[in-house]
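For reference, structure.txt (compact mmCIF, C-alpha atoms):
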# COMPACT_ATOMS: atom_id res chain seq x y z
CA MET H 8 41.60 -12.42 -51.42
CA ARG H 9 39.86 -9.32 -52.63
CA ARG H 10 36.61 -11.28 -53.02
CA THR H 11 36.95 -12.60 -49.45
CA SER H 12 37.44 -9.07 -48.11
CA VAL H 13 34.33 -7.85 -49.92
CA VAL H 14 32.28 -10.71 -48.49
CA MET H 15 33.58 -10.05 -44.96
CA ALA H 16 32.80 -6.34 -45.26
CA ALA H 17 29.28 -7.09 -46.44
CA LEU H 18 28.79 -9.48 -43.53
CA ALA H 19 29.96 -6.81 -41.07
CA VAL H 20 27.48 -4.30 -42.46
CA ALA H 21 24.70 -6.86 -42.20
CA LEU H 22 25.55 -7.59 -38.58
CA LEU H 23 25.63 -3.92 -37.66
CA SER H 24 22.24 -3.27 -39.21
CA ALA H 25 20.54 -6.33 -37.73
CA THR H 26 18.06 -6.16 -34.86
CA ALA H 27 19.74 -5.92 -31.46
CA SER H 28 20.59 -9.29 -29.95
CA MET H 29 20.14 -10.54 -26.40
CA ALA H 30 23.00 -9.72 -24.05
CA ALA H 31 23.91 -10.68 -20.47
CA ASP H 32 21.12 -11.93 -18.17
CA LYS H 33 17.67 -10.48 -17.77
CA VAL H 34 16.80 -9.06 -14.36
CA GLN H 35 13.60 -10.05 -12.55
CA ILE H 36 11.76 -7.26 -10.72
CA GLY H 37 10.58 -8.44 -7.31
CA SER H 38 7.94 -11.17 -7.30
CA GLY H 39 4.20 -11.37 -7.73
CA LYS H 40 2.02 -8.77 -9.44
CA VAL H 41 4.56 -5.94 -9.45
CA SER H 42 3.17 -4.30 -12.61
CA PRO H 43 6.26 -2.16 -13.33
CA GLU H 44 5.90 0.80 -15.69
CA SER H 45 9.23 2.59 -15.79
CA MET H 46 12.92 1.89 -15.35
CA THR H 47 16.14 3.86 -15.28
CA ALA H 48 19.86 3.12 -14.90
CA THR H 49 23.15 4.65 -13.88
CA SER H 50 26.38 4.39 -15.87
CA ASP H 51 27.73 1.53 -13.73
CA GLY H 52 24.75 -0.65 -14.69
CA THR H 53 22.66 -0.26 -11.54
CA LEU H 54 19.00 -0.62 -12.54
CA TYR H 55 15.91 0.87 -10.91
CA ALA H 56 12.24 0.10 -11.58
CA GLY H 57 8.97 1.38 -10.14
CA SER H 58 5.81 -0.59 -9.39
CA ILE H 59 2.29 0.56 -10.24
CA ALA H 60 0.64 -2.13 -8.10
CA MET H 61 2.92 -2.03 -5.06
CA GLY H 62 4.05 1.59 -5.01
CA GLU H 63 7.61 0.44 -4.37
CA VAL H 64 10.92 1.09 -6.11
CA PHE H 65 13.19 -1.86 -6.89
CA ARG H 66 16.95 -1.80 -7.48
CA ALA H 67 19.38 -4.27 -9.02
CA ALA H 68 23.14 -4.01 -8.56
CA PRO H 69 25.35 -4.33 -11.66
CA SER H 70 25.36 -7.92 -12.97
CA ALA H 71 22.59 -8.99 -10.56
CA THR H 72 19.74 -11.11 -11.90
CA ALA H 73 17.10 -9.76 -9.50
CA ALA H 74 15.92 -6.30 -8.48
CA ASP H 75 14.95 -6.12 -4.81
CA LYS H 76 12.85 -3.60 -2.92
CA PHE H 77 14.77 -0.37 -2.46
CA ILE H 78 12.15 2.22 -1.45
CA ASP H 79 8.90 1.48 0.41
CA LYS H 80 5.45 2.62 -0.63
CA PRO H 81 4.79 6.13 0.73
CA ALA H 82 2.43 6.47 3.67
CA ASP H 83 0.19 8.98 1.91
CA GLY H 84 -0.62 10.47 -1.47
CA PRO H 85 -1.02 8.58 -4.75
CA GLN H 86 0.54 5.13 -4.77
CA ALA H 87 1.07 4.14 -8.41
CA ILE H 88 4.62 4.71 -9.64
CA LEU H 89 4.99 5.69 -13.27
CA GLY H 90 8.19 7.46 -14.38
CA VAL H 91 11.49 6.88 -12.58
CA PHE H 92 14.59 8.80 -13.56
CA ALA H 93 18.15 8.64 -12.23
CA ASN H 94 19.98 11.98 -12.26
CA GLU H 95 23.42 10.56 -11.68
CA LYS H 96 25.13 13.95 -11.60
CA GLY H 97 22.82 15.10 -8.80
CA GLY H 98 22.85 11.73 -7.04
CA THR H 99 19.06 11.73 -7.08
CA LEU H 100 16.32 9.33 -8.11
CA TRP H 101 13.15 11.05 -9.32
CA VAL H 102 9.90 9.12 -8.93
CA CYS H 103 6.43 9.97 -10.30
CA TYR H 104 3.56 8.99 -7.99
CA SER H 105 0.22 9.25 -9.78
CA ASP H 106 -3.45 8.43 -9.35
CA LEU H 107 -4.41 6.30 -12.36
CA ALA H 108 -8.04 7.45 -12.11
CA LEU H 109 -6.89 10.60 -13.87
CA PHE H 110 -5.70 8.60 -16.87
CA ALA H 111 -9.29 7.42 -17.27
CA GLY H 112 -10.55 11.00 -17.08
CA LYS H 113 -11.88 10.66 -13.54
CA PRO H 114 -11.11 12.85 -10.49
CA GLY H 115 -8.01 11.83 -8.58
CA MET H 116 -5.29 12.94 -6.22
CA ASN H 117 -2.61 15.42 -7.30
CA SER H 118 0.51 13.78 -8.68
CA LEU H 119 3.63 14.03 -6.55
CA VAL H 120 7.25 13.85 -7.64
CA ARG H 121 9.37 12.50 -4.82
CA THR H 122 13.16 12.49 -4.89
CA TYR H 123 15.50 10.07 -3.14
CA ASP H 124 19.21 9.56 -2.70
CA LEU H 125 20.41 7.23 -5.47
CA LYS H 126 22.60 5.18 -3.15
CA SER H 127 20.78 5.11 0.18
CA GLY H 128 17.16 5.58 -0.88
CA GLU H 129 16.75 8.31 1.72
CA ALA H 130 13.92 10.73 0.95
CA LYS H 131 14.99 14.19 -0.20
CA ALA H 132 12.04 16.30 -1.39
CA THR H 133 8.45 16.20 -2.62
CA TYR H 134 6.92 18.36 -5.36
CA ASP H 135 3.15 18.69 -5.83
CA LEU H 136 2.07 19.00 -9.47
CA GLY H 137 -1.37 20.32 -8.60
CA SER H 138 -4.94 19.45 -9.49
CA GLY H 139 -5.62 17.25 -12.51
CA SER H 140 -2.00 16.18 -12.96
CA LEU H 141 -0.69 12.74 -13.88
CA CYS H 142 3.09 12.61 -13.68
CA ASN H 143 4.43 10.10 -16.23
CA ASP H 144 8.10 10.83 -16.83
CA VAL H 145 11.03 13.09 -15.87
CA THR H 146 14.18 14.24 -17.64
CA VAL H 147 16.96 16.74 -16.96
CA ALA H 148 18.84 19.33 -19.03
CA VAL H 149 22.55 20.07 -18.86
CA ASP H 150 21.91 23.12 -16.67
CA GLY H 151 20.06 21.01 -14.09
CA THR H 152 16.54 22.02 -15.08
CA HIS H 153 14.14 19.10 -14.74
CA TYR H 154 11.15 18.66 -17.05
CA ILE H 155 8.13 16.57 -16.04
CA ALA H 156 5.51 15.11 -18.39
CA ASP H 157 1.87 15.44 -17.28
CA THR H 158 -0.25 13.03 -19.32
CA ALA H 159 -3.67 14.03 -17.99
CA GLY H 160 -3.07 17.76 -18.38
CA GLY H 161 -1.10 17.63 -21.64
CA ARG H 162 1.58 19.75 -20.02
CA VAL H 163 5.28 19.88 -19.29
CA PHE H 164 6.23 21.11 -15.83
CA ARG H 165 9.64 22.56 -15.03
CA LEU H 166 11.73 22.63 -11.89
CA LYS H 167 14.59 25.10 -12.10
CA PRO H 168 17.82 24.44 -10.20
CA GLY H 169 17.38 25.54 -6.60
CA ALA H 170 13.59 25.98 -6.93
CA THR H 171 11.24 24.47 -4.37
CA THR H 172 8.13 24.43 -6.56
CA VAL H 173 7.42 23.47 -10.16
CA ASP H 174 5.95 25.77 -12.79
CA THR H 175 4.07 25.01 -15.99
CA TRP H 176 6.62 25.23 -18.78
CA SER H 177 4.50 24.21 -21.79
CA SER H 178 0.77 23.60 -22.15
CA ASP H 179 0.55 23.49 -25.94
CA PRO H 180 -2.65 21.73 -27.14
CA GLN H 181 -0.52 19.46 -29.33
CA LEU H 182 0.85 17.76 -26.22
CA LYS H 183 -2.38 15.97 -25.35
CA GLY H 184 -1.51 12.51 -24.02
CA ILE H 185 2.17 13.33 -23.47
CA ASP H 186 4.08 10.37 -22.05
CA GLY H 187 7.83 9.95 -22.62
CA ILE H 188 10.10 12.97 -22.37
CA ALA H 189 13.83 13.43 -22.98
CA VAL H 190 16.32 16.24 -23.52
CA GLY H 191 18.23 15.89 -26.78
CA PRO H 192 21.88 16.61 -27.57
CA ASP H 193 20.68 19.84 -29.19
CA GLY H 194 19.21 21.04 -25.89
CA ALA H 195 15.61 20.78 -27.10
CA VAL H 196 13.00 18.82 -25.16
CA TYR H 197 11.50 15.86 -27.02
CA ALA H 198 8.17 14.30 -26.06
CA ASN H 199 5.77 11.73 -27.40
CA SER H 200 2.01 11.30 -27.09
CA VAL H 201 0.88 7.80 -26.18
CA THR H 202 -2.70 8.61 -27.18
CA GLN H 203 -1.91 10.33 -30.48
CA ASN H 204 1.08 8.19 -31.53
CA LYS H 205 3.13 11.29 -32.25
CA LEU H 206 6.61 12.63 -31.54
CA PHE H 207 7.39 16.29 -30.83
CA ARG H 208 10.30 18.66 -30.36
CA ILE H 209 9.84 21.58 -27.97
CA ASP H 210 12.42 24.29 -28.49
CA VAL H 211 13.87 26.06 -25.48
CA GLY H 212 13.86 29.84 -25.80
CA ALA H 213 16.78 32.12 -24.97
CA ASP H 214 15.08 32.94 -21.68
CA GLY H 215 14.61 29.24 -20.84
CA GLY H 216 10.91 29.28 -21.63
CA ALA H 217 9.15 26.90 -23.99
CA ALA H 218 9.22 28.05 -27.59
CA LYS H 219 7.84 26.36 -30.70
CA VAL H 220 6.35 22.86 -30.51
CA THR H 221 7.02 20.91 -33.71
CA GLU H 222 5.45 17.60 -34.64
CA LEU H 223 8.13 15.46 -36.25
CA SER H 224 7.52 13.63 -39.51
CA LEU H 225 7.85 9.86 -38.91
CA SER H 226 9.35 7.38 -41.35
CA GLN H 227 6.83 4.82 -40.12
CA PRO H 228 3.87 4.92 -37.73
CA LEU H 229 4.27 4.60 -33.97
CA LYS H 230 1.90 2.54 -31.85
CA GLY H 231 1.77 3.34 -28.16
CA PRO H 232 4.99 5.38 -27.81
CA ASP H 233 6.00 5.31 -24.16
CA GLY H 234 9.28 5.77 -22.32
CA MET H 235 12.23 7.10 -24.29
CA ARG H 236 15.81 8.21 -23.65
CA PHE H 237 18.67 9.57 -25.71
CA GLY H 238 21.74 7.38 -25.65
CA ASP H 239 25.30 8.66 -25.45
CA ASP H 240 25.39 7.97 -29.21
CA GLY H 241 22.86 10.76 -29.83
CA VAL H 242 20.16 8.28 -30.86
CA LEU H 243 16.70 8.46 -29.32
CA TYR H 244 15.60 5.03 -28.07
CA LEU H 245 11.83 4.68 -27.76
CA ALA H 246 9.52 1.93 -26.46
CA GLU H 247 6.30 1.22 -28.36
CA ASN H 248 4.11 -0.55 -25.81
CA ALA H 249 1.35 -1.48 -28.29
CA ASN H 250 3.79 -2.63 -30.97
CA GLY H 251 5.88 -4.81 -28.69
CA GLN H 252 9.12 -3.23 -29.85
CA VAL H 253 11.84 -0.70 -29.16
CA ASP H 254 13.10 1.69 -31.81
CA ALA H 255 16.27 3.61 -32.53
CA VAL H 256 15.10 7.02 -33.74
CA THR H 257 17.44 9.25 -35.71
CA ILE H 258 16.29 12.85 -35.90
CA LYS H 259 17.33 15.24 -38.64
CA ALA H 260 15.63 18.64 -38.80
CA ASP H 261 11.89 17.89 -38.50
CA ALA H 262 12.12 14.26 -39.64
CA ALA H 263 12.47 11.15 -37.48
CA THR H 264 13.75 7.91 -39.00
CA ILE H 265 12.54 4.92 -37.01
CA LYS H 266 14.39 1.60 -36.95
CA PRO H 267 13.19 -1.27 -34.72
CA VAL H 268 16.07 -2.71 -32.67
CA ALA H 269 14.19 -5.09 -30.35
CA THR H 270 10.92 -6.81 -31.27
CA GLY H 271 8.55 -9.48 -29.99
CA LEU H 272 8.27 -7.91 -26.53
CA ASP H 273 5.20 -7.98 -24.27
CA GLY H 274 4.17 -4.36 -23.63
CA PRO H 275 7.59 -2.64 -23.30
CA THR H 276 7.24 0.72 -21.59
CA ALA H 277 10.70 1.99 -20.69
CA LEU H 278 14.40 1.59 -21.43
CA SER H 279 17.86 2.83 -20.60
CA LYS H 280 21.16 2.54 -22.49
CA VAL H 281 24.24 1.53 -20.50
CA GLY H 282 27.35 1.34 -22.64
CA SER H 283 26.48 -0.84 -25.63
CA THR H 284 23.58 -2.52 -23.82
CA LEU H 285 20.00 -1.36 -24.10
CA TRP H 286 17.94 -2.39 -21.07
CA VAL H 287 14.23 -2.72 -21.82
CA LEU H 288 11.39 -3.06 -19.33
CA GLU H 289 8.93 -5.71 -20.49
CA ALA H 290 5.97 -4.41 -18.49
CA LYS H 291 3.15 -6.51 -20.01
CA ILE H 292 1.26 -3.24 -19.76
CA GLY H 293 -1.71 -4.48 -21.78
CA LYS H 294 -2.31 -7.19 -19.16
CA MET H 295 -2.19 -4.93 -16.09
CA ALA H 296 -5.91 -5.36 -15.37
CA ASP H 297 -5.79 -9.14 -15.89
CA PRO H 298 -5.95 -10.86 -12.46
CA LYS H 299 -4.31 -13.94 -13.96
CA GLU H 300 -1.20 -11.99 -14.94
CA ALA H 301 1.06 -12.06 -11.90
CA GLY H 302 4.51 -11.92 -13.48
CA PRO H 303 7.33 -12.48 -13.43
CA TYR H 304 8.44 -9.16 -14.89
CA TYR H 305 11.88 -8.48 -16.32
CA MET H 306 14.32 -5.84 -17.45
CA ILE H 307 15.85 -7.40 -20.56
CA PRO H 308 19.28 -6.51 -22.02
CA PHE H 309 19.89 -6.19 -25.74
CA SER H 310 23.33 -5.71 -27.25
CA LEU H 311 23.64 -2.77 -29.64
CA GLY H 312 27.16 -3.74 -30.65
CA GLY H 313 30.12 -1.37 -30.62
Can the structure in the file be given as C-alpha cells, please?
Amino acid sequence: MRRTSVVMAALAVALLSATASMAADKVQIGSGKVSPESMTATSDGTLYAGSIAMGEVFRAAPSATAADKFIDKPADGPQAILGVFANEKGGTLWVCYSDLALFAGKPGMNSLVRTYDLKSGEAKATYDLGSGSLCNDVTVAVDGTHYIADTAGGRVFRLKPGATTVDTWSSDPQLKGIDGIAVGPDGAVYANSVTQNKLFRIDVGADGGAAKVTELSLSQPLKGPDGMRFGDDGVLYLAENANGQVDAVTIKADAATIKPVATGLDGPTALSKVGSTLWVLEAKIGKMADPKEAGPYYMIPFSLGG
C-alpha cells in the first residue's frame, strides 16, 4: 500500500510538471488573411483579438469557437492593430494602432491608442503617442495608471488616471526593441525586447516615476519574446514568437526561471490566462508577408491544471 502511494505521488508530480495540455476548443479569428498579432481576455472567458491586415478587432463569447468582427477599421490614422488589452475593472478595451513602416526604421504615421467599451465596442477616447512611435502593447497598474510600450522609440509611455494625454515615463537605452509589457504583483513594470531577446524590470519610484531598469538573468535564452501577461498565480506567461513556444517565467530577485508550457506553435505572439486555461494566439507571425498564407488563425487553449 505504501509503495502504491509513493508511485501515485510520483505520477502526480510528473503530471503537474508536464507541458500544458490542450483544453476546450480552439477559437478561429475571422476568416481570410486576418494576420492577428495580439489577444486579450476577460475573466468570464470572452476573447478579443486585433488584426494587422484588416485593422479590425474580433471578439469571441465564452465557449464560442469563432471570433467575429467587433470593431471596424478606423476611418483615419494608422490601420495595423498590434497590442490589445482588456481593462476589465474600467470596462475598457485598449487598442494599439501603428504604422508598421516604423518597425522597419522608415517614416510613418504617429501611433494612436484608441479605447472602446468592452461590451458595446463604442469608441471612448484616442491618445496620440507622437512622432516616431510604434505602439505595441498596453498594461495597467492597480492605481489605474496605464503603461504603453513603444517599440520604435524604445520607450514606455504613461497615462495617469484622469489624464487626457500620455507622457514619456521611461526612455532608458536598454529598452530598445521593447515589445511585451506587464505590471507584476510587486507593482514593478516588466518588459521584454523582441530585438534583443531580453527581459527587464522597471521599478516604480515613490513619486510614480520610472526608477531603475534591471535586466533579468535568464535560466535559458529567449528567442523573439513578444506578448506577456502575469497570471493570477503570480507567474509571468510569455510568448516566444521565434521559438514557437510559450513559457511560464518565475521571477525571484533579478533572476528569471523559464519553463516552456506550450510548444510546437507557429509564431505565437500573445496570450491570456483565464482560470486554469492559458489562451495562446498562434499568429504565424513569420509568415505575415507570405501571400500564400491566408489562415485560418486561432486562439488555442492549453490547460495549466489546478
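Of the listed residues H:Glu247, H:Asp135, H:Asp157, H:Asp79, the one whose atoms come nearest to Tyr123 in chain H is H:Asp79, with distances taken using only C-alpha atoms.
What separates CA of Lys205 in chain H from CA of Ala277 in chain H is a distance of 16.7 Å.
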Item to check | Spatial neighbours of Ala56 in chain H, max dist 9 Å, all atoms listed in the file, sep filter under 2 positions, as an MDAnalysis selection string | outcome: chainID H and resid 36 43:48 54 58 63:67 74 90:91 288 306
Once 8 Å is added on each side, what are the centre and the three edge lengths, in Å to one decimal, of the axis-aligned box enclosing the listed atoms of range 287-294 of chain H? Present them as JSON.
{"center_x": 6.0, "center_y": -5.0, "center_z": -20.2, "size_x": 32.5, "size_y": 20.5, "size_z": 19.3}
Checklist entry - H:Leu182, H:Gly241, H:Pro298, H:Val196: which is nearest Ala60 in chain H, counting only C-alpha atoms? => result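 Answer, going by the shortest atom-to-atom distance: H:Pro298.
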Checklist outcome for this item: Of H:Ile292, H:Leu229, H:Met235, H:Ala87, the one nearest to Val145 in chain H when counting all atoms listed in the file is H:Met235
